[in-house]
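Please read the structure below before turning to the comments.
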Amino acid sequence: MPIQLDPREYFVICRQISDPKDTNTYYVQAKIRNAKTDVLLDTVNLTDQGNQRFTEKWQVPADPSGEGFYVVITTRVYTDSGYTTESALYSVNQEEFLVQKRYNPVYGGGGGEIDYKKVRKIVQDEIKRIPEVKIPSVKFPKPEKVDINSVLRAIKNIHIPEQEKIDLSPVLNAIQDIYIPKPEKVDYSRISGELQKISDLVNKLSKSSGSALNKELEEVRKIIDEKIEELRKDLKRPVNIQFPTGMVEESKENKRKFL
């Protein structure tokens with residue numbers, strides 16, 4: 001089995017003179033040919049290393065096909081430096097080598113050979129087997145004109161219930177329950193001032209409230225007016241309290257009810 005050479009590596013061509021007693025000077029030349037086509041690839045003159053041993057480095061040619069090829073290295077012994085006269089004592093040596101990429105099993109090569117043509121063919125065949133996928137065209141509908149009339153109608157139909165009638169009966173009852181004692185000497189000025197504040201508040205509310213609330217406030221004003229009248233009689237002096245104008249006059253029925 002021939003020795004395998006890695007493409008583009010440097011290989012040492014070696015030739016040893018067979019007769020160790022021969023002390024003559026010799027010259028050795030190597031010729032490398034393509035074993036299949038017999039084309040001369042290179043000529044290498046070996047260097048005398050002493051002890052009748054001749055060597056020289058030679059770069060192995062590339063392998064573009066990846067399939068490998070064989071080369072033959074022939075060495076001849078000459079008696080002159082011009083490599084014209086061969087020695088009659090030593091024969092011609094010829095060795096055959098395989099130029100192909102070596103794979104190291106340590107790095108996962110497994111010692112096998114990768115056939116790139118076969119790999120390419122397999123990939124092409126598999127691609128042909130893939131069915132053609134047609135992507136349907138997607139049409140997005142155009143948006144119609146937005147009708148906001150329904151939204152406006154819904155807003156108009158929102159029913160906000162009217163506010164229930166405000167019950168001021170607790171206020172009226174509290175005022176009616178006011179008891180004004182009548183001792184000989186009583187300072188009613190403070191009470192009069194507080195009632196004036198209530199009257200001012202009633203006046204303010206009557207200006208900003210609706211008719212329903214205004215009616216209730218009028219009842220409050222009537223009761224306060226009666227209490228102030230009582231204070232006037234007791235103090236025997238004028239009490240300057242101003243009530244809002246435009247209110248309904250107090251009815252006799254309310255006075256009788258209060259008394």
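Chains: A, B, ... in order of the structure tokens. Residues: from 1 per chain. Ligands: from 1, in order shown.
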
| request: Skip A:Ala88 itself and residues of its chain fewer than 5 positions away, then list as an NGL selection string all residues within 10 Å of it, counting only C-alpha atoms. | output: :A and (77-79)

| message | Would you pick out the contacts of stretch 59-67 of chain A at 10 Å or less, using only C-alpha atoms, so that residues sharing its chain but fewer than 6 positions from it are not included, and give the list as a list in words? | response |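 Returned residues: Leu5, Asp6, Pro7, Arg8, Glu9, Tyr10, Phe11, Val12, Ile32, Leu41, Asp42, Val99, Gln100, Lys101, Glu113, Ile114, Asp115, Tyr116 and Lys117 of chain A.
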
| request: Could you jot down the atom CA of A:Gly82 to atom CA of A:Lys36 separation for me, Å, one decimal place? | output: 29.0 Å

Selection: 9 Å around stretch 72-76 of chain A, only C-alpha atoms, excl. self and same-chain fewer than 2 positions, as a PDB file with N, CA and C atoms, in the first residue's frame:
```
ATOM      1  N   ILE A  13      12.305  13.948   0.585  1.00  0.00           N
ATOM      2  CA  ILE A  13      12.742  12.878  -0.324  1.00  0.00           C
ATOM      3  C   ILE A  13      14.148  12.418   0.120  1.00  0.00           C
ATOM      4  N   CYS A  14      14.285  11.154   0.286  1.00  0.00           N
ATOM      5  CA  CYS A  14      15.542  10.618   0.839  1.00  0.00           C
ATOM      6  C   CYS A  14      16.099   9.485  -0.044  1.00  0.00           C
ATOM      7  N   ARG A  15      17.481   9.461  -0.222  1.00  0.00           N
ATOM      8  CA  ARG A  15      18.147   8.361  -0.952  1.00  0.00           C
ATOM      9  C   ARG A  15      19.470   8.036  -0.237  1.00  0.00           C
ATOM     10  N   TYR A  27      26.052  12.543  -6.797  1.00  0.00           N
ATOM     11  CA  TYR A  27      24.979  13.551  -6.815  1.00  0.00           C
ATOM     12  C   TYR A  27      23.657  12.814  -7.098  1.00  0.00           C
ATOM     13  N   VAL A  28      22.637  13.177  -6.336  1.00  0.00           N
ATOM     14  CA  VAL A  28      21.348  12.468  -6.475  1.00  0.00           C
ATOM     15  C   VAL A  28      20.264  13.474  -6.885  1.00  0.00           C
ATOM     16  N   GLN A  29      19.464  13.054  -7.853  1.00  0.00           N
ATOM     17  CA  GLN A  29      18.353  13.905  -8.350  1.00  0.00           C
ATOM     18  C   GLN A  29      17.044  13.095  -8.341  1.00  0.00           C
ATOM     19  N   ALA A  30      15.961  13.803  -7.977  1.00  0.00           N
ATOM     20  CA  ALA A  30      14.629  13.157  -7.940  1.00  0.00           C
ATOM     21  C   ALA A  30      13.697  13.821  -8.928  1.00  0.00           C
ATOM     22  N   LYS A  31      12.911  12.983  -9.624  1.00  0.00           N
ATOM     23  CA  LYS A  31      11.883  13.492 -10.532  1.00  0.00           C
ATOM     24  C   LYS A  31      10.523  12.974 -10.075  1.00  0.00           C
ATOM     25  N   ILE A  32       9.548  13.878 -10.027  1.00  0.00           N
ATOM     26  CA  ILE A  32       8.195  13.526  -9.549  1.00  0.00           C
ATOM     27  C   ILE A  32       7.249  13.637 -10.733  1.00  0.00           C
ATOM     28  N   ARG A  33       6.491  12.563 -10.999  1.00  0.00           N
ATOM     29  CA  ARG A  33       5.544  12.502 -12.103  1.00  0.00           C
ATOM     30  C   ARG A  33       4.158  12.071 -11.627  1.00  0.00           C
ATOM     31  N   ASN A  34       3.168  12.505 -12.388  1.00  0.00           N
ATOM     32  CA  ASN A  34       1.808  12.012 -12.158  1.00  0.00           C
ATOM     33  C   ASN A  34       1.763  10.576 -12.637  1.00  0.00           C
ATOM     34  N   ALA A  35       1.414   9.667 -11.737  1.00  0.00           N
ATOM     35  CA  ALA A  35       1.466   8.236 -12.083  1.00  0.00           C
ATOM     36  C   ALA A  35       0.494   7.880 -13.186  1.00  0.00           C
ATOM     37  N   ASP A  38       1.754  10.483 -16.398  1.00  0.00           N
ATOM     38  CA  ASP A  38       3.203  10.508 -16.596  1.00  0.00           C
ATOM     39  C   ASP A  38       3.744  11.931 -16.839  1.00  0.00           C
ATOM     40  N   TYR A  70      -2.172   9.717  -7.640  1.00  0.00           N
ATOM     41  CA  TYR A  70      -0.908   9.050  -7.331  1.00  0.00           C
ATOM     42  C   TYR A  70       0.244   9.764  -8.045  1.00  0.00           C
ATOM     43  N   TYR A  78      24.137  10.287  -9.804  1.00  0.00           N
ATOM     44  CA  TYR A  78      25.008  10.798 -10.862  1.00  0.00           C
ATOM     45  C   TYR A  78      26.432  11.001 -10.309  1.00  0.00           C
ATOM     46  N   TYR A  83      24.403  16.477 -13.420  1.00  0.00           N
ATOM     47  CA  TYR A  83      23.367  15.424 -13.489  1.00  0.00           C
ATOM     48  C   TYR A  83      23.192  14.932 -14.944  1.00  0.00           C
ATOM     49  N   GLU A  86      25.063   9.099 -15.252  1.00  0.00           N
ATOM     50  CA  GLU A  86      24.571   8.254 -14.160  1.00  0.00           C
ATOM     51  C   GLU A  86      25.656   7.268 -13.748  1.00  0.00           C
ATOM     52  N   SER A  87      25.674   6.897 -12.459  1.00  0.00           N
ATOM     53  CA  SER A  87      26.609   5.892 -11.935  1.00  0.00           C
ATOM     54  C   SER A  87      26.150   4.504 -12.362  1.00  0.00           C
ATOM     55  N   TYR A  90      24.906   2.017  -9.143  1.00  0.00           N
ATOM     56  CA  TYR A  90      23.650   2.092  -8.362  1.00  0.00           C
ATOM     57  C   TYR A  90      22.441   2.188  -9.297  1.00  0.00           C
ATOM     58  N   SER A  91      21.451   1.475  -8.908  1.00  0.00           N
ATOM     59  CA  SER A  91      20.243   1.380  -9.739  1.00  0.00           C
ATOM     60  C   SER A  91      19.323   2.610  -9.535  1.00  0.00           C
ATOM     61  N   VAL A  92      18.294   2.620 -10.358  1.00  0.00           N
ATOM     62  CA  VAL A  92      17.262   3.681 -10.240  1.00  0.00           C
ATOM     63  C   VAL A  92      16.201   3.230  -9.217  1.00  0.00           C
ATOM     64  N   ASN A  93      15.909   4.100  -8.259  1.00  0.00           N
ATOM     65  CA  ASN A  93      14.879   3.791  -7.242  1.00  0.00           C
ATOM     66  C   ASN A  93      13.574   4.528  -7.587  1.00  0.00           C
ATOM     67  N   GLN A  94      12.487   3.793  -7.427  1.00  0.00           N
ATOM     68  CA  GLN A  94      11.177   4.396  -7.742  1.00  0.00           C
ATOM     69  C   GLN A  94      10.179   4.019  -6.654  1.00  0.00           C
ATOM     70  N   GLU A  95       9.432   5.070  -6.146  1.00  0.00           N
ATOM     71  CA  GLU A  95       8.407   4.851  -5.099  1.00  0.00           C
ATOM     72  C   GLU A  95       7.109   5.563  -5.513  1.00  0.00           C
ATOM     73  N   GLU A  96       6.014   4.918  -5.154  1.00  0.00           N
ATOM     74  CA  GLU A  96       4.682   5.480  -5.484  1.00  0.00           C
ATOM     75  C   GLU A  96       4.030   6.024  -4.200  1.00  0.00           C
ATOM     76  N   PHE A  97       3.371   7.194  -4.340  1.00  0.00           N
ATOM     77  CA  PHE A  97       2.711   7.849  -3.192  1.00  0.00           C
ATOM     78  C   PHE A  97       1.301   8.289  -3.610  1.00  0.00           C
ATOM     79  N   LEU A  98       0.412   8.272  -2.627  1.00  0.00           N
ATOM     80  CA  LEU A  98      -0.972   8.754  -2.828  1.00  0.00           C
ATOM     81  C   LEU A  98      -1.082  10.160  -2.236  1.00  0.00           C
TER      82      LEU A  98
END
```

Shell around A:Gly50 at 12 Å using only C-alpha atoms, local window under 6 positions removed, as a PDB file with C-alpha atoms, in the first residue's frame:
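Output (selection05.pdb):
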```
ATOM      1  CA  ARG A  15      18.147   8.361  -0.952  1.00  0.00           C
ATOM      2  CA  GLN A  16      20.854   6.250   0.733  1.00  0.00           C
ATOM      3  CA  ILE A  17      23.899   4.896  -1.174  1.00  0.00           C
ATOM      4  CA  PRO A  20      29.011   1.953   2.762  1.00  0.00           C
ATOM      5  CA  THR A  23      33.874   6.940  -0.702  1.00  0.00           C
ATOM      6  CA  ASN A  24      33.375   8.537  -4.126  1.00  0.00           C
ATOM      7  CA  THR A  25      31.442  11.764  -4.547  1.00  0.00           C
ATOM      8  CA  TYR A  26      27.964  11.366  -5.959  1.00  0.00           C
ATOM      9  CA  TYR A  27      24.979  13.551  -6.815  1.00  0.00           C
TER      10      TYR A  27
END
```

| request: Could you check how far atom CA of A:Ile3 sits from atom CA of A:Asp48, in Å to one decimal? | output: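 We find that atom CA of A:Ile3 and atom CA of A:Asp48 lie 24.1 Å from each other.
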
| task | Please identify which residues in stretch 2-66 of chain A DSSP calls strand (DSSP E or B) from the backbone, and express them as a ChimeraX atom specification. | result | /A:3-5,10-16,27-34,40-45,47-48,53-59

Restricting the output to N, CA and C atoms, write the selected residues as a compact mmCIF listing (two decimals), in the first residue's frame.
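Contents of part-v4.txt, as written:
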```txt
# COMPACT_ATOMS: atom_id res chain seq x y z
N ILE A 3 2.41 5.07 0.44
CA ILE A 3 2.36 6.06 1.52
C ILE A 3 1.47 7.22 1.07
N GLN A 4 0.65 7.71 2.00
CA GLN A 4 -0.26 8.81 1.68
C GLN A 4 0.36 10.13 2.09
N LEU A 5 0.34 11.07 1.15
CA LEU A 5 0.87 12.41 1.39
C LEU A 5 -0.28 13.41 1.45
N TYR A 10 5.03 19.52 3.32
CA TYR A 10 6.43 19.35 2.92
C TYR A 10 6.88 17.93 3.26
N PHE A 11 7.31 17.24 2.22
CA PHE A 11 7.74 15.85 2.36
C PHE A 11 9.24 15.78 2.05
N VAL A 12 10.01 14.99 2.85
CA VAL A 12 11.46 14.86 2.67
C VAL A 12 11.75 13.66 1.77
N ILE A 13 12.30 13.95 0.58
CA ILE A 13 12.74 12.88 -0.32
C ILE A 13 14.15 12.42 0.12
N CYS A 14 14.28 11.15 0.29
CA CYS A 14 15.54 10.62 0.84
C CYS A 14 16.10 9.49 -0.04
N ARG A 15 17.48 9.46 -0.22
CA ARG A 15 18.15 8.36 -0.95
C ARG A 15 19.47 8.04 -0.24
N GLN A 16 19.65 6.75 0.05
CA GLN A 16 20.85 6.25 0.73
C GLN A 16 21.67 5.39 -0.24
N TYR A 27 26.05 12.54 -6.80
CA TYR A 27 24.98 13.55 -6.82
C TYR A 27 23.66 12.81 -7.10
N VAL A 28 22.64 13.18 -6.34
CA VAL A 28 21.35 12.47 -6.48
C VAL A 28 20.26 13.47 -6.89
N GLN A 29 19.46 13.05 -7.85
CA GLN A 29 18.35 13.90 -8.35
C GLN A 29 17.04 13.10 -8.34
N ALA A 30 15.96 13.80 -7.98
CA ALA A 30 14.63 13.16 -7.94
C ALA A 30 13.70 13.82 -8.93
N LYS A 31 12.91 12.98 -9.62
CA LYS A 31 11.88 13.49 -10.53
C LYS A 31 10.52 12.97 -10.07
N ILE A 32 9.55 13.88 -10.03
CA ILE A 32 8.20 13.53 -9.55
C ILE A 32 7.25 13.64 -10.73
N ARG A 33 6.49 12.56 -11.00
CA ARG A 33 5.54 12.50 -12.10
C ARG A 33 4.16 12.07 -11.63
N ASN A 34 3.17 12.51 -12.39
CA ASN A 34 1.81 12.01 -12.16
C ASN A 34 1.76 10.58 -12.64
N LEU A 40 5.53 15.27 -15.89
CA LEU A 40 6.55 15.64 -14.92
C LEU A 40 6.06 16.82 -14.09
N LEU A 41 5.96 16.59 -12.81
CA LEU A 41 5.46 17.62 -11.91
C LEU A 41 6.58 18.47 -11.32
N ASP A 42 7.74 17.86 -11.01
CA ASP A 42 8.82 18.61 -10.38
C ASP A 42 10.13 17.84 -10.49
N THR A 43 11.25 18.57 -10.43
CA THR A 43 12.59 17.98 -10.38
C THR A 43 13.32 18.56 -9.18
N VAL A 44 13.86 17.67 -8.32
CA VAL A 44 14.47 18.12 -7.07
C VAL A 44 15.87 17.52 -6.97
N ASN A 45 16.85 18.40 -6.75
CA ASN A 45 18.22 17.95 -6.52
C ASN A 45 18.44 17.78 -5.02
N THR A 47 20.38 17.07 -1.39
CA THR A 47 21.58 17.60 -0.75
C THR A 47 22.31 16.47 -0.03
N ASP A 48 23.66 16.46 -0.19
CA ASP A 48 24.49 15.44 0.47
C ASP A 48 24.58 15.77 1.96
N ARG A 53 24.30 9.83 2.47
CA ARG A 53 22.83 10.05 2.63
C ARG A 53 22.48 11.39 1.99
N PHE A 54 21.41 11.36 1.14
CA PHE A 54 20.99 12.55 0.40
C PHE A 54 19.49 12.82 0.69
N THR A 55 19.18 14.07 1.03
CA THR A 55 17.78 14.43 1.35
C THR A 55 17.47 15.83 0.82
N GLU A 56 16.14 16.09 0.65
CA GLU A 56 15.68 17.45 0.30
C GLU A 56 14.16 17.55 0.53
N LYS A 57 13.73 18.70 1.03
CA LYS A 57 12.30 18.93 1.24
C LYS A 57 11.61 19.24 -0.08
N TRP A 58 10.42 18.71 -0.21
CA TRP A 58 9.62 18.95 -1.42
C TRP A 58 8.17 19.18 -1.01
N GLN A 59 7.56 20.23 -1.58
CA GLN A 59 6.16 20.52 -1.24
C GLN A 59 5.23 19.75 -2.16
```
